[in-house]
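Asks: my_file-v5.pdb is reproduced below (PDB, C-alpha atoms, pLDDT in the B column).
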ATOM      1  CA  MET A   1     151.970  56.923 214.948  1.00 89.00           C
ATOM      2  CA  ASN A   2     149.574  59.621 213.774  1.00 96.00           C
ATOM      3  CA  LEU A   3     148.298  57.805 210.680  1.00 98.00           C
ATOM      4  CA  GLN A   4     148.235  54.208 211.877  1.00 97.00           C
ATOM      5  CA  ASP A   5     146.265  51.967 209.481  1.00 96.00           C
ATOM      6  CA  LYS A   6     145.094  54.881 207.343  1.00 98.00           C
ATOM      7  CA  ILE A   7     144.819  54.391 203.575  1.00 98.00           C
ATOM      8  CA  ALA A   8     146.280  57.361 201.697  1.00 98.00           C
ATOM      9  CA  ILE A   9     146.598  58.347 198.044  1.00 98.00           C
ATOM     10  CA  VAL A  10     149.313  60.885 197.204  1.00 98.00           C
ATOM     11  CA  THR A  11     149.469  62.387 193.720  1.00 98.00           C
ATOM     12  CA  GLY A  12     152.793  63.631 192.445  1.00 96.00           C
ATOM     13  CA  GLY A  13     154.307  61.157 194.873  1.00 97.00           C
ATOM     14  CA  SER A  14     157.356  60.024 192.929  1.00 96.00           C
ATOM     15  CA  ARG A  15     159.744  62.880 193.729  1.00 94.00           C
ATOM     16  CA  GLY A  16     160.315  66.116 195.637  1.00 93.00           C
ATOM     17  CA  ILE A  17     157.693  67.151 198.159  1.00 95.00           C
ATOM     18  CA  GLY A  18     155.374  64.344 197.087  1.00 96.00           C
ATOM     19  CA  LEU A  19     157.948  61.637 197.737  1.00 97.00           C
ATOM     20  CA  ALA A  20     158.695  63.176 201.141  1.00 97.00           C
ATOM     21  CA  VAL A  21     154.966  63.070 201.906  1.00 98.00           C
ATOM     22  CA  VAL A  22     154.778  59.399 200.915  1.00 98.00           C
ATOM     23  CA  GLU A  23     157.779  58.459 203.051  1.00 98.00           C
ATOM     24  CA  THR A  24     156.587  60.479 206.055  1.00 98.00           C
ATOM     25  CA  PHE A  25     153.070  59.033 205.849  1.00 98.00           C
ATOM     26  CA  LEU A  26     154.581  55.535 205.783  1.00 98.00           C
ATOM     27  CA  GLN A  27     156.645  56.335 208.874  1.00 97.00           C
ATOM     28  CA  GLU A  28     153.436  57.465 210.566  1.00 98.00           C
ATOM     29  CA  GLY A  29     151.788  54.090 209.939  1.00 98.00           C
ATOM     30  CA  ALA A  30     149.786  54.698 206.772  1.00 98.00           C
ATOM     31  CA  THR A  31     149.433  52.476 203.736  1.00 98.00           C
ATOM     32  CA  VAL A  32     150.215  54.703 200.759  1.00 98.00           C
ATOM     33  CA  VAL A  33     149.281  54.538 197.097  1.00 98.00           C
ATOM     34  CA  LEU A  34     151.492  56.984 195.223  1.00 98.00           C
ATOM     35  CA  CYS A  35     150.449  58.414 191.876  1.00 98.00           C
ATOM     36  CA  ALA A  36     152.959  59.326 189.207  1.00 97.00           C
ATOM     37  CA  SER A  37     152.610  60.515 185.644  1.00 95.00           C
ATOM     38  CA  ARG A  38     154.112  57.345 184.157  1.00 97.00           C
ATOM     39  CA  GLN A  39     154.399  53.694 185.101  1.00 98.00           C
ATOM     40  CA  GLU A  40     158.194  53.776 185.128  1.00 97.00           C
ATOM     41  CA  THR A  41     158.380  56.746 187.503  1.00 97.00           C
ATOM     42  CA  ALA A  42     155.817  55.187 189.847  1.00 98.00           C
ATOM     43  CA  GLU A  43     157.668  51.884 189.920  1.00 97.00           C
ATOM     44  CA  LYS A  44     161.029  53.630 190.389  1.00 97.00           C
ATOM     45  CA  ALA A  45     159.685  55.519 193.415  1.00 98.00           C
ATOM     46  CA  VAL A  46     158.230  52.357 194.955  1.00 98.00           C
ATOM     47  CA  THR A  47     161.529  50.524 194.407  1.00 97.00           C
ATOM     48  CA  HIS A  48     163.433  53.423 196.008  1.00 97.00           C
ATOM     49  CA  ILE A  49     161.212  53.281 199.094  1.00 98.00           C
ATOM     50  CA  LYS A  50     161.322  49.504 199.412  1.00 97.00           C
ATOM     51  CA  GLU A  51     165.101  49.460 199.127  1.00 97.00           C
ATOM     52  CA  LYS A  52     165.158  51.460 202.366  1.00 95.00           C
ATOM     53  CA  ASP A  53     162.268  49.585 203.967  1.00 95.00           C
ATOM     54  CA  PRO A  54     161.256  46.274 202.352  1.00 95.00           C
ATOM     55  CA  ASN A  55     158.173  46.169 204.594  1.00 95.00           C
ATOM     56  CA  ALA A  56     156.856  49.561 203.492  1.00 97.00           C
ATOM     57  CA  LYS A  57     153.139  49.380 202.658  1.00 98.00           C
ATOM     58  CA  VAL A  58     153.346  51.278 199.388  1.00 98.00           C
ATOM     59  CA  GLU A  59     152.317  50.772 195.795  1.00 98.00           C
ATOM     60  CA  GLY A  60     152.239  52.919 192.683  1.00 98.00           C
ATOM     61  CA  ILE A  61     149.578  53.843 190.145  1.00 98.00           C
ATOM     62  CA  TRP A  62     149.702  56.151 187.132  1.00 98.00           C
ATOM     63  CA  PRO A  63     146.273  57.440 186.059  1.00 98.00           C
ATOM     64  CA  ASN A  64     145.998  60.487 183.816  1.00 97.00           C
ATOM     65  CA  LEU A  65     144.907  63.063 186.379  1.00 98.00           C
ATOM     66  CA  SER A  66     143.357  65.240 183.675  1.00 96.00           C
ATOM     67  CA  ASP A  67     140.992  62.384 182.715  1.00 97.00           C
ATOM     68  CA  TYR A  68     138.222  61.885 185.275  1.00 98.00           C
ATOM     69  CA  ALA A  69     137.238  58.403 184.077  1.00 98.00           C
ATOM     70  CA  ASP A  70     140.847  57.207 184.343  1.00 98.00           C
ATOM     71  CA  VAL A  71     141.244  58.666 187.841  1.00 98.00           C
ATOM     72  CA  LYS A  72     137.906  57.276 189.012  1.00 98.00           C
ATOM     73  CA  ALA A  73     138.751  53.769 187.813  1.00 98.00           C
ATOM     74  CA  ALA A  74     142.149  53.840 189.527  1.00 98.00           C
ATOM     75  CA  PHE A  75     140.812  55.216 192.816  1.00 98.00           C
ATOM     76  CA  ASP A  76     137.847  52.824 192.835  1.00 98.00           C
ATOM     77  CA  ALA A  77     140.342  49.965 192.527  1.00 98.00           C
ATOM     78  CA  VAL A  78     142.168  51.291 195.592  1.00 98.00           C
ATOM     79  CA  ALA A  79     138.908  51.498 197.560  1.00 98.00           C
ATOM     80  CA  GLU A  80     137.949  47.993 196.500  1.00 97.00           C
ATOM     81  CA  LYS A  81     141.341  46.569 197.486  1.00 98.00           C
ATOM     82  CA  TYR A  82     141.608  48.246 200.896  1.00 97.00           C
ATOM     83  CA  GLY A  83     137.947  48.774 201.729  1.00 97.00           C
ATOM     84  CA  ARG A  84     138.319  52.525 202.270  1.00 97.00           C
ATOM     85  CA  ILE A  85     140.267  55.672 201.366  1.00 98.00           C
ATOM     86  CA  ASP A  86     141.062  57.839 204.375  1.00 98.00           C
ATOM     87  CA  ILE A  87     143.335  60.507 202.915  1.00 98.00           C
ATOM     88  CA  LEU A  88     143.866  62.105 199.522  1.00 98.00           C
ATOM     89  CA  VAL A  89     146.821  64.432 199.012  1.00 98.00           C
ATOM     90  CA  ASN A  90     146.484  66.443 195.793  1.00 98.00           C
ATOM     91  CA  ASN A  91     150.155  67.262 195.360  1.00 97.00           C
ATOM     92  CA  ALA A  92     150.739  66.835 191.609  1.00 96.00           C
ATOM     93  CA  GLY A  93     151.310  70.098 189.787  1.00 93.00           C
ATOM     94  CA  LEU A  94     153.265  71.950 187.136  1.00 91.00           C
ATOM     95  CA  SER A  95     155.130  75.232 187.460  1.00 90.00           C
ATOM     96  CA  GLU A  96     156.781  77.364 184.799  1.00 89.00           C
ATOM     97  CA  ASN A  97     157.982  80.944 184.293  1.00 88.00           C
ATOM     98  CA  THR A  98     157.199  81.998 180.731  1.00 93.00           C
ATOM     99  CA  PRO A  99     156.830  85.814 180.426  1.00 94.00           C
ATOM    100  CA  PHE A 100     153.258  86.901 179.695  1.00 96.00           C
ATOM    101  CA  THR A 101     154.305  88.446 176.367  1.00 96.00           C
ATOM    102  CA  ASN A 102     155.362  84.958 175.233  1.00 96.00           C
ATOM    103  CA  TYR A 103     152.435  83.091 176.760  1.00 96.00           C
ATOM    104  CA  THR A 104     150.362  80.700 174.684  1.00 97.00           C
ATOM    105  CA  GLU A 105     146.995  79.076 175.156  1.00 97.00           C
ATOM    106  CA  GLU A 106     148.731  75.690 175.179  1.00 97.00           C
ATOM    107  CA  ILE A 107     150.946  76.643 178.140  1.00 97.00           C
ATOM    108  CA  PHE A 108     147.986  78.037 180.065  1.00 97.00           C
ATOM    109  CA  ASP A 109     145.809  74.987 179.388  1.00 97.00           C
ATOM    110  CA  LYS A 110     148.585  72.550 180.347  1.00 96.00           C
ATOM    111  CA  ILE A 111     148.980  74.166 183.778  1.00 96.00           C
ATOM    112  CA  MET A 112     145.236  74.390 184.390  1.00 96.00           C
ATOM    113  CA  ASP A 113     144.571  70.795 183.297  1.00 96.00           C
ATOM    114  CA  LEU A 114     146.821  69.398 186.017  1.00 96.00           C
ATOM    115  CA  ASN A 115     146.873  72.048 188.737  1.00 97.00           C
ATOM    116  CA  ILE A 116     143.126  72.665 188.833  1.00 98.00           C
ATOM    117  CA  LYS A 117     141.311  70.013 186.829  1.00 98.00           C
ATOM    118  CA  GLY A 118     143.530  67.318 188.321  1.00 98.00           C
ATOM    119  CA  VAL A 119     142.661  68.469 191.836  1.00 98.00           C
ATOM    120  CA  TYR A 120     138.967  68.477 190.939  1.00 98.00           C
ATOM    121  CA  ASN A 121     139.119  65.040 189.295  1.00 98.00           C
ATOM    122  CA  CYS A 122     140.927  63.392 192.201  1.00 98.00           C
ATOM    123  CA  SER A 123     138.734  65.024 194.847  1.00 98.00           C
ATOM    124  CA  LYS A 124     135.583  64.087 192.970  1.00 98.00           C
ATOM    125  CA  ALA A 125     136.842  60.524 192.517  1.00 98.00           C
ATOM    126  CA  VAL A 126     137.276  59.944 196.278  1.00 98.00           C
ATOM    127  CA  SER A 127     134.325  61.982 197.505  1.00 97.00           C
ATOM    128  CA  ASP A 128     131.661  59.258 197.180  1.00 95.00           C
ATOM    129  CA  GLN A 129     133.826  56.793 199.094  1.00 97.00           C
ATOM    130  CA  MET A 130     134.613  59.289 201.861  1.00 98.00           C
ATOM    131  CA  ILE A 131     130.974  60.362 202.152  1.00 98.00           C
ATOM    132  CA  LYS A 132     129.958  56.708 202.400  1.00 97.00           C
ATOM    133  CA  GLN A 133     132.511  56.252 205.183  1.00 97.00           C
ATOM    134  CA  ALA A 134     131.295  59.480 206.827  1.00 96.00           C
ATOM    135  CA  ASN A 135     134.925  60.524 207.240  1.00 97.00           C
ATOM    136  CA  GLY A 136     137.993  61.331 205.213  1.00 98.00           C
ATOM    137  CA  VAL A 137     140.537  64.052 204.570  1.00 98.00           C
ATOM    138  CA  ILE A 138     141.341  65.831 201.310  1.00 98.00           C
ATOM    139  CA  LEU A 139     144.555  67.855 201.349  1.00 98.00           C
ATOM    140  CA  ASN A 140     145.684  70.159 198.550  1.00 98.00           C
ATOM    141  CA  THR A 141     149.089  71.638 197.795  1.00 97.00           C
ATOM    142  CA  SER A 142     148.822  75.357 197.170  1.00 96.00           C
ATOM    143  CA  SER A 143     151.778  77.764 197.146  1.00 92.00           C
ATOM    144  CA  MET A 144     152.954  81.025 198.645  1.00 91.00           C
ATOM    145  CA  VAL A 145     152.630  82.526 195.149  1.00 89.00           C
ATOM    146  CA  SER A 146     148.856  82.139 195.437  1.00 91.00           C
ATOM    147  CA  ARG A 147     149.098  85.077 197.848  1.00 89.00           C
ATOM    148  CA  TYR A 148     152.049  87.053 196.513  1.00 87.00           C
ATOM    149  CA  GLY A 149     152.155  86.241 192.800  1.00 88.00           C
ATOM    150  CA  GLN A 150     155.389  85.709 190.893  1.00 86.00           C
ATOM    151  CA  PRO A 151     157.321  87.772 188.317  1.00 89.00           C
ATOM    152  CA  ALA A 152     156.467  85.490 185.360  1.00 90.00           C
ATOM    153  CA  GLY A 153     154.514  82.335 184.603  1.00 91.00           C
ATOM    154  CA  ILE A 154     151.032  83.713 185.231  1.00 94.00           C
ATOM    155  CA  ALA A 155     149.183  80.389 185.073  1.00 95.00           C
ATOM    156  CA  TYR A 156     150.909  78.853 188.102  1.00 94.00           C
ATOM    157  CA  PRO A 157     149.906  81.441 190.743  1.00 93.00           C
ATOM    158  CA  THR A 158     146.492  81.684 189.090  1.00 97.00           C
ATOM    159  CA  SER A 159     146.022  77.937 189.452  1.00 97.00           C
ATOM    160  CA  LYS A 160     147.114  77.958 193.083  1.00 96.00           C
ATOM    161  CA  PHE A 161     144.751  80.842 193.901  1.00 97.00           C
ATOM    162  CA  ALA A 162     142.038  78.622 192.427  1.00 98.00           C
ATOM    163  CA  VAL A 163     143.192  75.731 194.626  1.00 98.00           C
ATOM    164  CA  ASN A 164     142.679  77.955 197.678  1.00 98.00           C
ATOM    165  CA  GLY A 165     139.131  78.775 196.616  1.00 98.00           C
ATOM    166  CA  PHE A 166     138.423  75.137 195.831  1.00 98.00           C
ATOM    167  CA  THR A 167     139.703  74.133 199.270  1.00 98.00           C
ATOM    168  CA  LEU A 168     137.603  76.631 201.194  1.00 98.00           C
ATOM    169  CA  SER A 169     134.441  75.935 199.223  1.00 98.00           C
ATOM    170  CA  LEU A 170     134.700  72.142 199.247  1.00 98.00           C
ATOM    171  CA  ALA A 171     135.441  72.232 202.983  1.00 98.00           C
ATOM    172  CA  ARG A 172     132.154  74.016 203.636  1.00 98.00           C
ATOM    173  CA  GLU A 173     130.219  71.575 201.459  1.00 98.00           C
ATOM    174  CA  LEU A 174     131.714  68.322 202.747  1.00 98.00           C
ATOM    175  CA  ALA A 175     132.084  69.169 206.446  1.00 98.00           C
ATOM    176  CA  PRO A 176     128.503  68.081 207.302  1.00 98.00           C
ATOM    177  CA  LYS A 177     129.266  64.758 205.633  1.00 98.00           C
ATOM    178  CA  GLY A 178     132.310  64.128 207.852  1.00 97.00           C
ATOM    179  CA  VAL A 179     134.996  65.029 205.297  1.00 98.00           C
ATOM    180  CA  ARG A 180     137.642  67.652 206.066  1.00 98.00           C
ATOM    181  CA  VAL A 181     139.385  69.646 203.321  1.00 98.00           C
ATOM    182  CA  ASN A 182     142.539  71.699 203.922  1.00 98.00           C
ATOM    183  CA  ALA A 183     145.597  72.888 202.035  1.00 98.00           C
ATOM    184  CA  VAL A 184     149.215  73.770 202.652  1.00 97.00           C
ATOM    185  CA  ALA A 185     150.927  76.672 200.898  1.00 95.00           C
ATOM    186  CA  PRO A 186     154.669  75.929 200.784  1.00 93.00           C
ATOM    187  CA  GLY A 187     157.221  78.657 200.476  1.00 90.00           C
ATOM    188  CA  ILE A 188     160.620  78.220 198.854  1.00 88.00           C
ATOM    189  CA  THR A 189     161.428  74.549 199.354  1.00 89.00           C
ATOM    190  CA  GLU A 190     164.594  72.543 198.779  1.00 87.00           C
ATOM    191  CA  THR A 191     163.530  70.609 195.703  1.00 80.00           C
ATOM    192  CA  ASP A 192     165.874  69.540 192.895  1.00 73.00           C
ATOM    193  CA  MET A 193     164.985  72.708 190.976  1.00 63.00           C
ATOM    194  CA  VAL A 194     165.879  74.977 193.904  1.00 72.00           C
ATOM    195  CA  LYS A 195     169.063  73.029 194.665  1.00 72.00           C
ATOM    196  CA  ALA A 196     170.216  73.730 191.111  1.00 64.00           C
ATOM    197  CA  LEU A 197     169.969  77.500 191.556  1.00 62.00           C
ATOM    198  CA  PRO A 198     173.278  79.369 191.896  1.00 70.00           C
ATOM    199  CA  LYS A 199     174.432  80.623 195.284  1.00 76.00           C
ATOM    200  CA  GLN A 200     173.866  84.269 194.326  1.00 77.00           C
ATOM    201  CA  VAL A 201     170.198  83.481 193.739  1.00 69.00           C
ATOM    202  CA  ILE A 202     169.648  81.342 196.854  1.00 78.00           C
ATOM    203  CA  GLU A 203     171.333  83.637 199.404  1.00 84.00           C
ATOM    204  CA  PRO A 204     168.985  86.640 198.877  1.00 83.00           C
ATOM    205  CA  MET A 205     166.048  84.238 199.174  1.00 80.00           C
ATOM    206  CA  ILE A 206     167.310  83.027 202.545  1.00 85.00           C
ATOM    207  CA  GLU A 207     167.909  86.593 203.730  1.00 87.00           C
ATOM    208  CA  SER A 208     164.271  87.433 203.013  1.00 85.00           C
ATOM    209  CA  ILE A 209     163.007  84.625 205.283  1.00 88.00           C
ATOM    210  CA  PRO A 210     162.905  85.429 209.020  1.00 88.00           C
ATOM    211  CA  LEU A 211     163.842  81.830 209.910  1.00 89.00           C
ATOM    212  CA  ARG A 212     166.918  82.255 207.679  1.00 87.00           C
ATOM    213  CA  ARG A 213     166.560  79.019 205.773  1.00 87.00           C
ATOM    214  CA  ILE A 214     164.537  77.604 202.930  1.00 87.00           C
ATOM    215  CA  GLY A 215     162.068  74.847 203.656  1.00 89.00           C
ATOM    216  CA  LYS A 216     162.750  71.160 203.362  1.00 93.00           C
ATOM    217  CA  PRO A 217     160.275  68.729 201.765  1.00 94.00           C
ATOM    218  CA  GLU A 218     159.907  67.151 205.203  1.00 96.00           C
ATOM    219  CA  ASP A 219     158.609  70.478 206.583  1.00 96.00           C
ATOM    220  CA  ILE A 220     155.717  70.325 204.132  1.00 97.00           C
ATOM    221  CA  ALA A 221     155.179  66.612 204.759  1.00 97.00           C
ATOM    222  CA  ASN A 222     154.993  67.121 208.519  1.00 97.00           C
ATOM    223  CA  ALA A 223     152.337  69.818 208.111  1.00 98.00           C
ATOM    224  CA  LEU A 224     150.316  67.450 205.951  1.00 98.00           C
ATOM    225  CA  VAL A 225     150.668  64.669 208.531  1.00 98.00           C
ATOM    226  CA  PHE A 226     149.164  66.954 211.147  1.00 98.00           C
ATOM    227  CA  LEU A 227     146.278  68.029 208.913  1.00 98.00           C
ATOM    228  CA  ALA A 228     145.613  64.405 207.932  1.00 98.00           C
ATOM    229  CA  SER A 229     145.641  63.167 211.506  1.00 98.00           C
ATOM    230  CA  ASP A 230     142.936  63.087 214.166  1.00 96.00           C
ATOM    231  CA  LYS A 231     144.864  65.846 215.966  1.00 97.00           C
ATOM    232  CA  ALA A 232     143.405  68.200 213.348  1.00 98.00           C
ATOM    233  CA  SER A 233     139.882  66.798 213.623  1.00 97.00           C
ATOM    234  CA  TYR A 234     138.413  70.278 214.268  1.00 98.00           C
ATOM    235  CA  ILE A 235     140.281  71.980 211.425  1.00 98.00           C
ATOM    236  CA  THR A 236     138.784  72.351 207.950  1.00 98.00           C
ATOM    237  CA  GLY A 237     138.830  75.020 205.261  1.00 98.00           C
ATOM    238  CA  VAL A 238     142.357  76.162 206.157  1.00 98.00           C
ATOM    239  CA  VAL A 239     145.190  77.089 203.798  1.00 97.00           C
ATOM    240  CA  LEU A 240     148.222  76.660 206.060  1.00 97.00           C
ATOM    241  CA  SER A 241     151.320  78.650 205.101  1.00 94.00           C
ATOM    242  CA  VAL A 242     154.528  76.652 205.512  1.00 95.00           C
ATOM    243  CA  ASP A 243     157.033  79.245 204.365  1.00 91.00           C
ATOM    244  CA  GLY A 244     159.114  80.444 207.333  1.00 90.00           C
ATOM    245  CA  LEU A 245     157.595  83.939 207.187  1.00 83.00           C
ATOM    246  CA  ALA A 246     156.449  85.944 210.187  1.00 67.00           C
ATOM    247  CA  ARG A 247     152.986  87.489 209.967  1.00 63.00           C
ATOM    248  CA  THR A 248     151.086  90.017 212.026  1.00 51.00           C
TER     249      THR A 248
END
I'd like the structure from this file rewritten - as structure tokens, please.
Replies:
Amino acid sequence: MNLQDKIAIVTGGSRGIGLAVVETFLQEGATVVLCASRQETAEKAVTHIKEKDPNAKVEGIWPNLSDYADVKAAFDAVAEKYGRIDILVNNAGLSENTPFTNYTEEIFDKIMDLNIKGVYNCSKAVSDQMIKQANGVILNTSSMVSRYGQPAGIAYPTSKFAVNGFTLSLARELAPKGVRVNAVAPGITETDMVKALPKQVIEPMIESIPLRRIGKPEDIANALVFLASDKASYITGVVLSVDGLART
């Protein structure tokens, strides 16, 4: 097991890619604290996991990720309970596709508050503990649109471009203190939203991918397992594309 006895916090862990990360980390031996936006969604996710594995070492919390004091209190409680925090996965995020001509300040601020400020708040909240331990891993979820943009919904690719810069910069700062910081940039992934797309939309997407399939949440989770594990102990400041594309 690659994450045996590690203590991990996964934000956005109640569904989609985040839930796959939680379940894969558990399979790899970690104890996982999943964060959700509401108590009911956190508890539902924990119940779902424990129905499949009653012995799963998982619990749920629901801090407001846009509120540093709330995040800090929740994460400090985790550190106090388990004695350490080994891994943070900043996976929570919002996406939307409003055309720029219809954009509002409220839409822009909502995306930035979670996708950027939430990443900052969570990373800041675990940094003291990880520095004290002289080791730890912070992993961020970026996106392929941070590199290619998207036709509408300007705040989402903007926020993910910021996540890339945050990742590279924080990696340089925390590396001497024993903390690694990396990110994954998923491509088109089989989430509930993508599953709901009509066949005529999905098929051209698949044709554009050299591997001729869209990603599965487990593909992203497996990449995060590697980056969280000691097998990646000499890797920091990387934004790893997990999108099925061939590059020169």
Asks: Using Å and a single decimal, report how far atom CA of A:Ile7 sits from atom CA of A:Val137.
Replies: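 That distance, rounded to one decimal, is 10.6 Å.
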Asks: Just checking: using all atoms listed in the file, which residue out of A:Gln27, A:Ser14, A:Asn64, A:Ser143 ends up closest to A:Val46?
Replies: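 Closest to A:Val46 of all the choices is A:Ser14.
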Asks: Got a sec: who's within 7 Å of stretch 176-188 of chain A, counting only C-alpha atoms, leaving out chain neighbours fewer than 3 positions off, as a PyMOL selection string?
Replies: chain A and resi 130-131+134-144+167+170-171+214-215+220+236-243
Asks: At a cut-off of 10 Å, using all atoms listed in the file, what residues contact A:Ser159? Leave out same-chain residues fewer than 6 positions from it and give the result as a short mmCIF file (atom, residue, chain, number, x, y, z; two decimals) with C-alpha atoms, in the coordinates of the input.
Replies:
data_model
loop_
_atom_site.label_atom_id
_atom_site.label_comp_id
_atom_site.auth_asym_id
_atom_site.auth_seq_id
_atom_site.Cartn_x
_atom_site.Cartn_y
_atom_site.Cartn_z
CA GLY A 93 151.31 70.10 189.79
CA LEU A 94 153.26 71.95 187.14
CA SER A 95 155.13 75.23 187.46
CA PHE A 108 147.99 78.04 180.06
CA ILE A 111 148.98 74.17 183.78
CA MET A 112 145.24 74.39 184.39
CA ASP A 113 144.57 70.80 183.30
CA LEU A 114 146.82 69.40 186.02
CA ASN A 115 146.87 72.05 188.74
CA ILE A 116 143.13 72.67 188.83
CA LYS A 117 141.31 70.01 186.83
CA SER A 142 148.82 75.36 197.17
CA SER A 143 151.78 77.76 197.15
CA VAL A 145 152.63 82.53 195.15
CA SER A 146 148.86 82.14 195.44
CA GLY A 165 139.13 78.78 196.62
#
Asks: One number please: atom CA of A:Val163 to atom CA of A:Asn91, in Å, one decimal.
Replies: 11.0 Å
Asks: Would you compute the distance between atom CA of A:Thr11 and atom CA of A:Val119? Give it in Å to one decimal.
Replies: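 Computing it gives 9.3 Å between the two atoms.
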Asks: Evaluated on this file, the PyMOL selection byres ((chain A and resi 71-79) around 12) picks out some residues - which ones are they, written as a PyMOL selection string?
Replies: chain A and resi 7-11+31-37+58-70+80-88+117-130+132-133
Asks: Which residues match the PyMOL selection byres ((chain A and resi 19) around 10) in the file above, as a list in words?
Replies: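 After applying the PyMOL selection byres ((chain A and resi 19) around 10), what remains is Val10, Thr11, Gly12, Gly13, Ser14, Arg15, Gly16, Ile17, Gly18, Ala20, Val21, Val22, Glu23, Thr24, Phe25, Leu34, Ala45, Val46, Ile49, Asn91, Pro217, Glu218 and Ala221 of chain A.
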Asks: From the list A:Pro151, A:Gly244, A:Glu96, A:Leu168, which residue is nearest A:Asp219 when using all atoms listed in the file?
Replies: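 Smallest distance to A:Asp219 is found for A:Gly244.
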Asks: So that all listed atoms of stretch 110-113 of chain A fit with 8 Å spare on each side, what axis-aligned box centre and edge lengths in Å, to one decimal, would you give as AutoDock Vina command-line options?
Replies:
--center_x 146.8 --center_y 72.6 --center_z 182.4 --size_x 20.4 --size_y 19.6 --size_z 20.0
Asks: For A:Tyr156, which residue among A:Arg172, A:Lys110, A:Arg38, A:Lys195 is the nearest when counting all atoms listed in the file?
Replies: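 Comparing A:Arg172, A:Lys110, A:Arg38, A:Lys195 against A:Tyr156, the winner is A:Lys110.
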Asks: Do you know which residues the PyMOL selection byres ((chain A and resi 2) around 8) returns on this file, as a ChimeraX atom specification?
Replies: /A:1,3-4,28-29,225-226,229-230
Asks: My list of candidates is A:Ala152, A:Lys216, A:Lys57, A:Ala162. Which is closest to A:Asp192 when distances are computed with only C-alpha atoms?
Replies: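 Smallest distance to A:Asp192 is found for A:Lys216.
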Asks: Could you tell me which of A:Thr104, A:Ser208, A:Gln200, A:Asn222 comes closest to A:Leu245 if we count all atoms listed in the file?
Replies: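 Answer, going by the shortest atom-to-atom distance: A:Ser208.
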